[in-house]
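Since the structure comes first, as structure tokens, the remarks are kept for the end.
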Amino acid sequence: MKQILDLRPVYHRREDRIRAHVLLCWLALLLIRVAENATGQTWNRLRAELQRLQAATFTGHAGTYRQTTEPTRL
């Protein structure tokens with residue numbers, strides 16, 4: 001799991017923090033697997049595409065407008 005998530009050692013002292021850390025790592029791995037299975041792509045390719053996306057908020061007299069870049073078809 002550490003190979004995929006690229007984690008570094010974390011030293012928690014309290015049991016509740018250790019449990020929370022393990023749960024978050026498990027949820028991150030689950031999210032990666034769901035994304036990979038849904039798209040048929042590797043996590044590295046998905047991450048590169050997601051990092052390319054941007055969002056901007058424009059505010060003016062007419063109101064607020066939010067614009068995002070469109071993802072490419074994989």
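For the structure tokens, the naming scheme is as follows: chains receive sequential letters (A, B, ...) according to their order of presentation, residues are indexed from 1 within each chain, and ligands are indexed from 1 in presentation order.
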
Which of region 9-58 of chain A DSSP labels alpha helix (DSSP H), written as a PyMOL selection string: chain A and resi 15-39+43-52

Close residues, Leu53 (chain A) itself excluded, 9 Å, only C-alpha atoms, min 4 positions apart in chain, as a ChimeraX atom specification: /A:49,68-71

Restrict the selected residues to N, CA, C and O atoms and save them as a PDB file, in the first residue's frame.
ATOM      1  N   GLU A  49      -4.020  13.630 -15.066  1.00  0.00           N
ATOM      2  CA  GLU A  49      -5.161  14.312 -15.673  1.00  0.00           C
ATOM      3  C   GLU A  49      -5.871  15.202 -14.664  1.00  0.00           C
ATOM      4  O   GLU A  49      -6.261  16.328 -14.970  1.00  0.00           O
ATOM      5  N   THR A  68     -14.522  25.940 -15.022  1.00  0.00           N
ATOM      6  CA  THR A  68     -13.537  24.879 -14.844  1.00  0.00           C
ATOM      7  C   THR A  68     -13.069  24.396 -16.198  1.00  0.00           C
ATOM      8  O   THR A  68     -13.782  24.507 -17.193  1.00  0.00           O
ATOM      9  N   THR A  69     -11.861  23.853 -16.230  1.00  0.00           N
ATOM     10  CA  THR A  69     -11.366  23.255 -17.464  1.00  0.00           C
ATOM     11  C   THR A  69     -12.046  21.909 -17.658  1.00  0.00           C
ATOM     12  O   THR A  69     -12.403  21.235 -16.701  1.00  0.00           O
ATOM     13  N   GLU A  70     -12.228  21.519 -18.888  1.00  0.00           N
ATOM     14  CA  GLU A  70     -12.862  20.245 -19.210  1.00  0.00           C
ATOM     15  C   GLU A  70     -11.815  19.136 -19.211  1.00  0.00           C
ATOM     16  O   GLU A  70     -10.736  19.304 -19.773  1.00  0.00           O
ATOM     17  N   PRO A  71     -12.135  17.997 -18.594  1.00  0.00           N
ATOM     18  CA  PRO A  71     -11.201  16.863 -18.662  1.00  0.00           C
ATOM     19  C   PRO A  71     -11.182  16.273 -20.072  1.00  0.00           C
ATOM     20  O   PRO A  71     -12.182  16.318 -20.788  1.00  0.00           O
TER      21      PRO A  71
END

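Of note, CA of Arg19 (chain A) and CA of Arg33 (chain A) are spaced 21.1 Å apart.
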
All strand (DSSP E) positions in chain A, as JSON, numbers by chain: {"A": [55, 56, 57, 58, 59, 60, 63, 64, 65, 66, 67, 68]}

Long-range neighbours of region 35-38 of chain A as a count of residues only, 12 Å cut-off, only C-alpha atoms, 6 positions minimum in chain: 8

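Taking CA of Thr57 (chain A) and CA of Thr39 (chain A) as endpoints, the distance between them is 28.6 Å.
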
Atomic separation - CA of Arg13 (chain A) relative to CA of Leu30 (chain A), Å: 25.4 Å

Pick from A:Leu31, A:Arg66, A:Thr72, A:His61 nearest to Ala48 (chain A), counting only C-alpha atoms: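 The shortest atom-to-atom distance to Ala48 (chain A) comes from A:Thr72.
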